[in-house]
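Undergrad: Structure: structure20.cif, mmCIF, C-alpha atoms.
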```cif
data_my_file
loop_
_atom_site.label_atom_id
_atom_site.label_comp_id
_atom_site.auth_asym_id
_atom_site.auth_seq_id
_atom_site.Cartn_x
_atom_site.Cartn_y
_atom_site.Cartn_z
CA MET A 1014 -1.04 9.28 -10.30
CA LEU A 1015 1.40 11.74 -8.75
CA SER A 1016 -1.09 14.06 -7.06
CA GLU A 1017 -0.70 13.00 -3.41
CA PRO A 1018 0.12 9.42 -2.47
CA ARG A 1019 -1.13 8.22 0.88
CA SER A 1020 2.44 7.23 1.73
CA GLY A 1021 3.42 10.87 1.23
CA ARG A 1022 0.81 12.07 3.70
CA LEU A 1023 1.82 9.47 6.27
CA ALA A 1024 5.53 10.24 5.95
CA ALA A 1025 5.12 14.02 5.96
CA TRP A 1026 2.76 14.23 8.93
CA GLY A 1027 4.53 11.40 10.72
CA ASN A 1028 7.74 13.42 10.47
CA ALA A 1029 5.96 16.56 11.68
CA LEU A 1030 4.71 14.59 14.68
CA LEU A 1031 8.18 13.26 15.48
CA ALA A 1032 9.56 16.80 15.28
CA GLY A 1033 6.91 18.11 17.67
CA PHE A 1034 5.17 20.40 15.17
CA VAL A 1035 1.75 18.73 15.44
CA SER A 1036 -0.20 16.66 17.94
CA PRO A 1037 -0.82 12.93 17.43
CA ASP A 1038 -4.52 13.50 16.71
CA ASP A 1039 -3.82 16.28 14.20
CA ALA A 1040 -1.23 14.12 12.43
CA ALA A 1041 -3.65 11.20 12.19
CA LEU A 1042 -6.42 13.48 10.89
CA ALA A 1043 -4.16 14.89 8.17
CA ILE A 1044 -2.99 11.41 7.11
CA VAL A 1045 -6.55 10.09 6.79
CA GLY A 1046 -7.56 13.08 4.65
CA ASP A 1047 -10.75 12.30 2.70
CA ASP A 1048 -10.66 8.60 3.56
CA ALA A 1049 -13.02 7.16 6.16
CA VAL A 1050 -10.48 5.44 8.38
CA HIS A 1051 -6.88 4.18 8.44
CA ARG A 1052 -5.64 1.28 10.52
CA VAL A 1053 -2.25 -0.36 10.96
CA GLU A 1054 -1.81 -4.11 11.30
CA GLY A 1055 1.26 -6.21 12.00
CA LEU A 1056 2.72 -3.87 14.62
CA PRO A 1057 5.01 -5.67 17.08
CA GLY A 1058 3.10 -6.36 20.27
CA GLU A 1059 -0.35 -6.02 18.69
CA THR A 1060 -2.60 -8.94 17.77
CA GLY A 1061 -4.80 -7.00 15.35
CA PRO A 1062 -5.22 -3.70 13.54
CA VAL A 1063 -4.89 -0.49 15.58
CA GLY A 1064 -5.64 3.16 14.92
CA LEU A 1065 -3.12 5.59 13.47
CA THR A 1066 -2.58 7.55 16.67
CA LEU A 1067 -1.63 4.44 18.62
CA ALA A 1068 0.44 3.08 15.72
CA LEU A 1069 2.53 6.24 15.30
CA GLY A 1070 3.19 6.33 19.03
CA ARG A 1071 4.16 2.65 19.06
CA LEU A 1072 6.55 3.10 16.13
CA ARG A 1073 8.21 5.98 17.93
CA ALA A 1074 8.62 3.82 21.03
CA LEU A 1075 10.19 1.15 18.80
CA GLY A 1076 12.93 3.60 17.80
CA VAL A 1077 11.55 5.19 14.64
CA THR A 1078 13.01 8.67 14.12
CA GLY A 1079 11.70 9.51 10.65
CA TYR A 1080 9.77 8.32 7.64
CA ARG A 1081 10.75 8.06 3.98
CA VAL A 1082 8.55 7.44 0.94
CA ALA A 1083 8.97 4.83 -1.79
CA LEU A 1084 7.11 5.08 -5.12
CA PRO A 1085 8.29 2.00 -7.04
CA ALA A 1086 7.27 1.02 -10.55
CA PRO A 1087 8.13 -2.07 -12.62
CA GLY A 1088 11.88 -2.02 -13.23
CA HIS A 1089 12.35 0.96 -10.91
CA PRO A 1090 12.48 0.15 -7.15
CA LEU A 1091 12.45 3.85 -6.25
CA GLY A 1092 12.97 4.39 -2.52
CA LEU A 1093 13.08 0.71 -1.58
CA SER A 1094 15.82 -1.11 0.31
CA GLY A 1095 14.46 -4.65 0.63
CA PRO A 1096 13.89 -7.39 1.56
CA PRO A 1097 12.23 -8.90 -1.56
CA ASP A 1098 8.89 -9.60 0.20
CA PHE A 1099 8.48 -5.99 1.25
CA ASN A 1100 9.61 -4.73 -2.15
CA ALA A 1101 7.06 -6.95 -3.90
CA ARG A 1102 4.19 -5.70 -1.77
CA ALA A 1103 5.28 -2.10 -2.21
CA LEU A 1104 5.52 -2.56 -5.97
CA ASP A 1105 2.02 -4.04 -6.04
CA ALA A 1106 0.69 -1.01 -4.12
CA GLU A 1107 2.95 1.38 -6.08
CA GLU A 1108 3.91 3.08 -2.82
CA ALA A 1109 5.21 2.48 0.70
CA VAL A 1110 6.64 4.19 3.75
CA VAL A 1111 10.04 3.13 5.09
CA ALA A 1112 10.94 4.05 8.66
CA SER A 1113 14.30 5.47 9.68
CA GLY A 1114 15.77 4.41 13.02
CA GLY A 1115 13.65 1.26 13.09
CA ALA A 1116 13.56 -1.56 10.57
CA TYR A 1117 9.88 -1.23 9.69
CA GLY A 1118 7.95 -0.43 6.53
CA LEU A 1119 4.29 0.31 5.89
CA VAL A 1120 2.39 -0.67 2.74
CA PRO A 1121 -1.20 0.54 2.22
CA GLU A 1122 -4.07 -1.68 1.14
CA VAL A 1123 -7.12 0.31 0.03
CA TYR A 1124 -10.71 -0.90 0.31
CA GLU A 1125 -13.97 0.63 -0.87
CA ALA A 1126 -17.04 -0.03 1.26
CA GLY A 1127 -20.65 1.09 1.38
CA PRO A 1128 -23.63 1.13 -1.00
CA ALA A 1129 -23.58 2.74 -4.44
CA GLY A 1130 -23.66 6.49 -4.12
CA ASP A 1131 -22.26 6.38 -0.59
CA VAL A 1132 -18.94 4.59 -1.05
CA HIS A 1133 -16.19 5.36 1.44
CA VAL A 1134 -12.52 4.39 1.46
CA GLU A 1135 -10.78 2.47 4.21
CA VAL A 1136 -7.03 1.88 4.35
CA VAL A 1137 -5.08 -0.82 6.16
CA TRP A 1138 -1.34 -0.22 6.48
CA HIS A 1139 0.62 -3.47 6.69
CA CYS A 1140 3.67 -3.14 8.96
CA LEU A 1141 6.52 -5.34 7.69
CA PRO A 1142 10.24 -5.73 8.39
CA VAL A 1143 12.59 -3.85 6.07
CA ARG A 1144 16.30 -3.90 5.43
CA GLU A 1145 18.23 -0.97 6.91
CA ALA A 1146 20.07 0.26 3.83
CA PRO A 1147 20.15 3.39 1.63
CA PRO A 1148 16.95 3.70 -0.46
CA ALA A 1149 17.25 3.01 -4.17
CA ASP A 1150 17.68 5.83 -6.70
CA VAL A 1151 16.53 8.79 -4.57
CA PRO A 1152 18.10 12.10 -5.70
CA SER A 1153 18.88 15.14 -3.57
CA LEU A 1154 16.46 18.06 -3.74
CA GLY A 1155 18.88 19.99 -5.92
CA GLU A 1156 19.27 17.10 -8.35
CA ALA A 1157 15.52 16.57 -8.44
CA GLU A 1158 14.84 20.22 -9.25
CA ARG A 1159 17.35 20.23 -12.11
CA GLU A 1160 16.04 16.94 -13.50
CA LEU A 1161 12.45 18.21 -13.44
CA ALA A 1162 13.32 21.33 -15.42
CA GLU A 1163 15.29 19.37 -18.03
CA ALA A 1164 12.74 16.58 -18.40
CA LEU A 1165 9.83 18.98 -18.73
CA ARG A 1166 11.64 20.99 -21.39
CA ASP A 1167 12.55 17.90 -23.41
CA ALA A 1168 9.08 16.36 -23.17
CA THR A 1169 7.35 19.63 -24.07
CA ASP A 1170 9.53 19.96 -27.15
CA VAL A 1171 8.73 16.43 -28.35
CA LEU A 1172 5.02 16.67 -27.64
CA SER A 1173 4.76 20.04 -29.38
CA ARG A 1174 6.50 18.73 -32.50
CA LEU A 1175 4.17 15.74 -32.61
CA ASP A 1176 1.07 17.83 -31.83
CA VAL A 1177 0.04 15.27 -29.21
CA ALA A 1178 -0.23 17.43 -26.09
CA ALA A 1179 -3.56 16.90 -24.39
CA SER A 1180 -6.12 19.51 -25.31
CA GLY A 1181 -9.82 20.13 -25.40
CA PRO A 1182 -12.49 20.67 -22.72
CA VAL A 1183 -11.69 17.56 -20.67
CA ALA A 1184 -8.02 18.47 -20.37
CA GLU A 1185 -8.84 22.11 -19.64
CA ALA A 1186 -11.30 21.09 -16.91
CA ALA A 1187 -8.69 18.84 -15.30
CA ILE A 1188 -6.10 21.62 -15.30
CA ASP A 1189 -8.62 24.14 -13.92
CA ALA A 1190 -9.51 21.72 -11.13
CA TYR A 1191 -5.82 21.30 -10.31
CA ARG A 1192 -5.30 25.07 -10.18
CA ALA A 1193 -8.28 25.52 -7.87
CA ARG A 1194 -7.04 22.76 -5.58
CA ALA A 1195 -3.52 24.21 -5.57
CA SER A 1196 -4.89 27.65 -4.71
CA ARG A 1197 -6.92 26.30 -1.78
CA GLY A 1198 -3.96 24.29 -0.51
CA ALA A 1199 -1.26 26.93 -1.00
CA GLY A 1200 1.41 26.46 1.64
CA GLU A 1201 -0.03 23.09 2.72
CA THR A 1202 1.67 20.82 0.18
CA LEU A 1203 3.86 19.38 2.93
CA ALA A 1204 3.54 19.20 6.69
CA PRO A 1205 5.22 21.73 9.00
CA GLY A 1206 9.00 21.39 9.35
CA TYR A 1207 9.86 20.82 5.69
CA PRO A 1208 12.29 23.18 3.91
CA PRO A 1209 10.78 25.58 1.33
CA ARG A 1210 12.77 23.92 -1.45
CA ALA A 1211 11.05 20.60 -0.74
CA VAL A 1212 7.66 22.30 -1.05
CA ARG A 1213 8.71 23.86 -4.37
CA VAL A 1214 10.01 20.56 -5.78
CA LEU A 1215 6.90 18.65 -4.70
CA GLU A 1216 4.54 21.23 -6.22
CA LEU A 1217 6.40 21.10 -9.54
CA ALA A 1218 6.47 17.29 -9.53
CA GLN A 1219 2.72 17.14 -8.86
CA ARG A 1220 2.01 19.71 -11.57
CA ILE A 1221 4.02 17.66 -14.06
CA GLY A 1222 2.24 14.51 -12.87
CA LEU A 1223 -1.11 16.11 -13.63
CA LEU A 1224 -0.05 17.02 -17.16
CA ILE A 1225 1.18 13.45 -17.73
CA SER A 1226 -2.13 12.05 -16.48
CA VAL A 1227 -4.12 14.41 -18.68
CA ALA A 1228 -2.02 13.43 -21.69
CA TYR A 1229 -2.60 9.73 -21.06
CA GLU A 1230 -6.30 10.05 -20.23
CA ASN A 1231 -7.30 12.08 -23.29
CA GLY A 1232 -6.74 9.54 -26.04
CA HIS A 1233 -3.87 10.00 -28.45
CA GLY A 1234 -4.35 13.70 -29.17
CA GLY A 1235 -2.97 14.43 -32.60
CA ALA A 1236 -0.86 11.25 -32.68
CA VAL A 1237 -2.59 9.16 -35.34
CA SER A 1238 0.20 6.82 -36.40
CA ALA A 1239 1.75 4.02 -34.38
CA SER A 1240 5.16 5.67 -34.64
CA GLU A 1241 3.81 8.98 -33.32
CA MET A 1242 2.05 7.26 -30.42
CA ALA A 1243 5.26 5.38 -29.60
CA ALA A 1244 7.22 8.64 -29.72
CA ARG A 1245 4.79 10.25 -27.30
CA GLY A 1246 5.16 7.32 -24.91
CA GLU A 1247 8.93 7.59 -25.15
CA ALA A 1248 8.65 11.30 -24.31
CA LEU A 1249 6.33 10.81 -21.33
CA ARG A 1250 8.01 7.84 -19.64
CA PRO A 1251 11.26 9.62 -18.71
CA VAL A 1252 9.48 12.70 -17.38
CA GLU A 1253 7.09 10.53 -15.37
CA ARG A 1254 10.08 8.72 -13.85
CA VAL A 1255 11.79 12.03 -13.04
CA ALA A 1256 8.59 13.38 -11.45
CA ARG A 1257 8.32 10.31 -9.20
CA ARG A 1258 11.98 10.67 -8.19
CA ALA A 1259 11.43 14.33 -7.36
CA GLN A 1260 8.33 13.59 -5.33
CA VAL A 1261 10.22 11.03 -3.24
CA ALA A 1262 13.11 13.47 -2.76
CA ALA A 1263 10.69 16.11 -1.48
CA TYR A 1264 8.91 13.83 1.00
CA ASN A 1265 12.24 12.42 2.20
CA ALA A 1266 13.86 15.85 2.69
CA TYR A 1267 13.02 15.97 6.39
CA VAL A 1268 14.91 12.76 7.14
CA GLU A 1269 17.79 13.63 4.80
CA GLU A 1270 18.33 17.04 6.42
CA ARG A 1271 18.11 15.63 9.93
CA GLU A 1272 20.64 12.90 9.16
CA ARG A 1273 23.04 15.40 7.53
CA GLY A 1274 22.81 17.60 10.62
CA ARG A 1275 23.90 14.89 13.03
#
```
Write out the structure in this file as structure tokens.

TA:
Amino acid sequence: MLSEPRSGRLAAWGNALLAGFVSPDDAALAIVGDDAVHRVEGLPGETGPVGLTLALGRLRALGVTGYRVALPAPGHPLGLSGPPDFNARALDAEEAVVASGGAYGLVPEVYEAGPAGDVHVEVVWHCLPVREAPPADVPSLGEAERELAEALRDATDVLSRLDVAASGPVAEAAIDAYRARASRGAGETLAPGYPPRAVRVLELAQRIGLLISVAYENGHGGAVSASEMAARGEALRPVERVARRAQVAAYNAYVEERERGR
């Protein structure tokens, strides 16, 4: 869930493009990643979907100076600023990008296409008006780092006492795969131009997100009673929320630092 949202890639590489660290084509390539193609629809002045390179250039011409990430969940509009229509679409997608300097937001819609065995992913980003206001519930990098350490300690203590931490070959394989991916992508967690602390916070948030996913995906572990399963859920929900907050803080660090330096 928290590995690498598409909104994170768009915001990070969109910010690197705005700062002059990468070319438009390189930014678009990094945003697409393993997907087949990304398009943007609803851009002012365009009658239909356009490619990422054109869209990022158009948004810059419209006054956009940076990109923030939103990762909302039910009851937690993390990173959103309204209006209600945009918030609802972002909540449905569980992610969005909110532009700074221009009142625009981007919400991804993901499609799978192709025959069985050769399925590819296409993404359409819907460009919508947003309210220019501070994003909801986004901590500073320092706050996010402290919250991550505290939440992980508390959750680990509860899960250990209940003997419900994910274990076994499936969990071990997932963790090994994460470690291999992290080793290959060392230093590439964020796009150029981000402070080292943002990279550190994002890596920790993603690592915690993996452990949460493994815990949820591997049954109920040693939790055999309803009360034990409820206790595990109570332990995981706060740390999942903290990890999402930290991830948003890391992706938004470029814009936050630039605005503080004005």

Undergrad: May I have the residues within 7 Å of segment 1051-1063 of chain A as a VMD selection string, using only C-alpha atoms and disregarding those fewer than 3 positions away in the same chain?

TA: chain A and resid 1045 1067 to 1068 1135 to 1141

Undergrad: Write the residues of the preceding selection, restricted to C-alpha atoms, as a PDB file, keeping the file's coordinate frame.

TA:
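Done, and the output landed in part24.pdb:
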```
ATOM      1  CA  VAL A1045      -6.550  10.090   6.790  1.00  0.00           C
ATOM      2  CA  LEU A1067      -1.630   4.440  18.620  1.00  0.00           C
ATOM      3  CA  ALA A1068       0.440   3.080  15.720  1.00  0.00           C
ATOM      4  CA  GLU A1135     -10.780   2.470   4.210  1.00  0.00           C
ATOM      5  CA  VAL A1136      -7.030   1.880   4.350  1.00  0.00           C
ATOM      6  CA  VAL A1137      -5.080  -0.820   6.160  1.00  0.00           C
ATOM      7  CA  TRP A1138      -1.340  -0.220   6.480  1.00  0.00           C
ATOM      8  CA  HIS A1139       0.620  -3.470   6.690  1.00  0.00           C
ATOM      9  CA  CYS A1140       3.670  -3.140   8.960  1.00  0.00           C
ATOM     10  CA  LEU A1141       6.520  -5.340   7.690  1.00  0.00           C
TER      11      LEU A1141
END
```

Undergrad: Take atom CA of Ala1259 of chain A and atom CA of Tyr1124 of chain A and report the distance between them in Å, one decimal.

TA: 27.9 Å

Undergrad: State, in Å with one decimal place, the distance from atom CA of Ala1101 of chain A to atom CA of Val1082 of chain A.

TA: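 About the pair atom CA of Ala1101 of chain A and atom CA of Val1082 of chain A: they are 15.3 Å apart.
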
Undergrad: Distance atom CA of Pro1128 of chain A-atom CA of Ser1226 of chain A, one decimal place?

TA: 28.7 Å

Undergrad: Between A:Pro1037, A:Gly1114, A:Gly1070, A:Pro1251, which has the minimum distance to Glu1163 of chain A (counting only C-alpha atoms)?

TA: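 For Glu1163 of chain A, the nearest of the given residues is A:Pro1251.
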
Undergrad: Taking the file as shown, what set of residues would the PyMOL selection byres ((chain A and resi 1221) around 9) give back, as a ChimeraX atom specification?

TA: /A:1015,1161,1165,1216-1220,1222-1226,1252-1253,1256

Undergrad: Using the chain letters and numbering of this document, enumerate as a list in words the residues selected by the PyMOL selection byres ((chain A and resi 1210) around 9).

TA: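 Applied to this file, the PyMOL selection byres ((chain A and resi 1210) around 9) returns Leu1154, Gly1155, Glu1158, Tyr1207, Pro1208, Pro1209, Ala1211, Val1212, Arg1213, Val1214, Leu1215 and Ala1263 of chain A.
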
Undergrad: Determine the nearest neighbour of Leu1069 of chain A from the options A:Glu1247, A:Glu1125, A:Asp1038, A:Glu1017, counting all atoms listed in the file.

TA: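 With all atoms listed in the file as the atom set, the closest residue is A:Asp1038.
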
Undergrad: Could you model all heavy atoms for segment 1246-1257 of chain A and present them as a compact mmCIF listing (two decimals), in the frame of the given file?

TA:
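For reference, result07.txt as written:
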```txt
# COMPACT_ATOMS: atom_id res chain seq x y z
N GLY A 1246 4.87 8.14 -26.09
CA GLY A 1246 5.16 7.32 -24.91
C GLY A 1246 6.60 7.43 -24.48
O GLY A 1246 6.91 7.52 -23.28
N GLU A 1247 7.51 7.45 -25.46
CA GLU A 1247 8.93 7.59 -25.15
C GLU A 1247 9.22 8.94 -24.50
O GLU A 1247 10.11 9.08 -23.68
CB GLU A 1247 9.76 7.45 -26.43
CG GLU A 1247 9.83 6.03 -26.97
CD GLU A 1247 10.46 5.07 -25.98
OE1 GLU A 1247 11.53 5.41 -25.41
OE2 GLU A 1247 9.89 3.98 -25.76
N ALA A 1248 8.46 9.98 -24.90
CA ALA A 1248 8.65 11.30 -24.31
C ALA A 1248 8.10 11.38 -22.89
O ALA A 1248 8.69 12.04 -22.03
CB ALA A 1248 7.98 12.37 -25.19
N LEU A 1249 6.98 10.71 -22.63
CA LEU A 1249 6.33 10.81 -21.33
C LEU A 1249 6.97 9.94 -20.26
O LEU A 1249 7.03 10.33 -19.09
CB LEU A 1249 4.85 10.44 -21.45
CG LEU A 1249 3.96 11.43 -22.21
CD1 LEU A 1249 2.55 10.89 -22.32
CD2 LEU A 1249 3.96 12.79 -21.53
N ARG A 1250 7.46 8.76 -20.64
CA ARG A 1250 8.01 7.84 -19.64
C ARG A 1250 9.17 8.43 -18.84
O ARG A 1250 9.19 8.34 -17.61
CB ARG A 1250 8.39 6.50 -20.28
CG ARG A 1250 7.21 5.54 -20.43
CD ARG A 1250 7.67 4.16 -20.83
NE ARG A 1250 8.18 4.13 -22.19
CZ ARG A 1250 7.41 3.97 -23.27
NH1 ARG A 1250 6.10 3.84 -23.13
NH2 ARG A 1250 7.95 3.94 -24.47
N PRO A 1251 10.16 9.06 -19.51
CA PRO A 1251 11.26 9.62 -18.71
C PRO A 1251 10.81 10.74 -17.78
O PRO A 1251 11.29 10.83 -16.64
CB PRO A 1251 12.23 10.15 -19.79
CG PRO A 1251 11.89 9.40 -21.02
CD PRO A 1251 10.43 9.15 -20.96
N VAL A 1252 9.90 11.60 -18.24
CA VAL A 1252 9.48 12.70 -17.38
C VAL A 1252 8.63 12.20 -16.22
O VAL A 1252 8.69 12.73 -15.11
CB VAL A 1252 8.75 13.80 -18.20
CG1 VAL A 1252 7.36 13.38 -18.60
CG2 VAL A 1252 8.70 15.11 -17.42
N GLU A 1253 7.85 11.14 -16.46
CA GLU A 1253 7.09 10.53 -15.37
C GLU A 1253 8.04 9.95 -14.31
O GLU A 1253 7.83 10.12 -13.10
CB GLU A 1253 6.18 9.45 -15.92
CG GLU A 1253 5.28 8.82 -14.88
CD GLU A 1253 4.35 7.79 -15.47
OE1 GLU A 1253 4.59 7.35 -16.62
OE2 GLU A 1253 3.38 7.42 -14.79
N ARG A 1254 9.09 9.30 -14.77
CA ARG A 1254 10.08 8.72 -13.85
C ARG A 1254 10.77 9.82 -13.04
O ARG A 1254 10.93 9.72 -11.82
CB ARG A 1254 11.11 7.92 -14.66
CG ARG A 1254 12.20 7.24 -13.83
CD ARG A 1254 13.21 6.61 -14.78
NE ARG A 1254 14.28 5.93 -14.08
CZ ARG A 1254 14.38 4.61 -13.95
NH1 ARG A 1254 13.46 3.82 -14.47
NH2 ARG A 1254 15.40 4.06 -13.31
N VAL A 1255 11.14 10.90 -13.71
CA VAL A 1255 11.79 12.03 -13.04
C VAL A 1255 10.84 12.66 -12.02
O VAL A 1255 11.25 13.03 -10.91
CB VAL A 1255 12.26 13.07 -14.07
CG1 VAL A 1255 12.62 14.39 -13.39
CG2 VAL A 1255 13.47 12.53 -14.83
N ALA A 1256 9.56 12.79 -12.37
CA ALA A 1256 8.59 13.38 -11.45
C ALA A 1256 8.43 12.51 -10.20
O ALA A 1256 8.31 13.03 -9.08
CB ALA A 1256 7.25 13.57 -12.15
N ARG A 1257 8.41 11.19 -10.37
CA ARG A 1257 8.32 10.31 -9.20
C ARG A 1257 9.56 10.44 -8.32
O ARG A 1257 9.47 10.49 -7.09
CB ARG A 1257 8.13 8.86 -9.63
CG ARG A 1257 6.72 8.54 -10.10
CD ARG A 1257 6.47 7.05 -10.26
NE ARG A 1257 7.33 6.43 -11.26
CZ ARG A 1257 8.32 5.59 -10.98
NH1 ARG A 1257 8.59 5.26 -9.73
NH2 ARG A 1257 9.04 5.08 -11.94
```
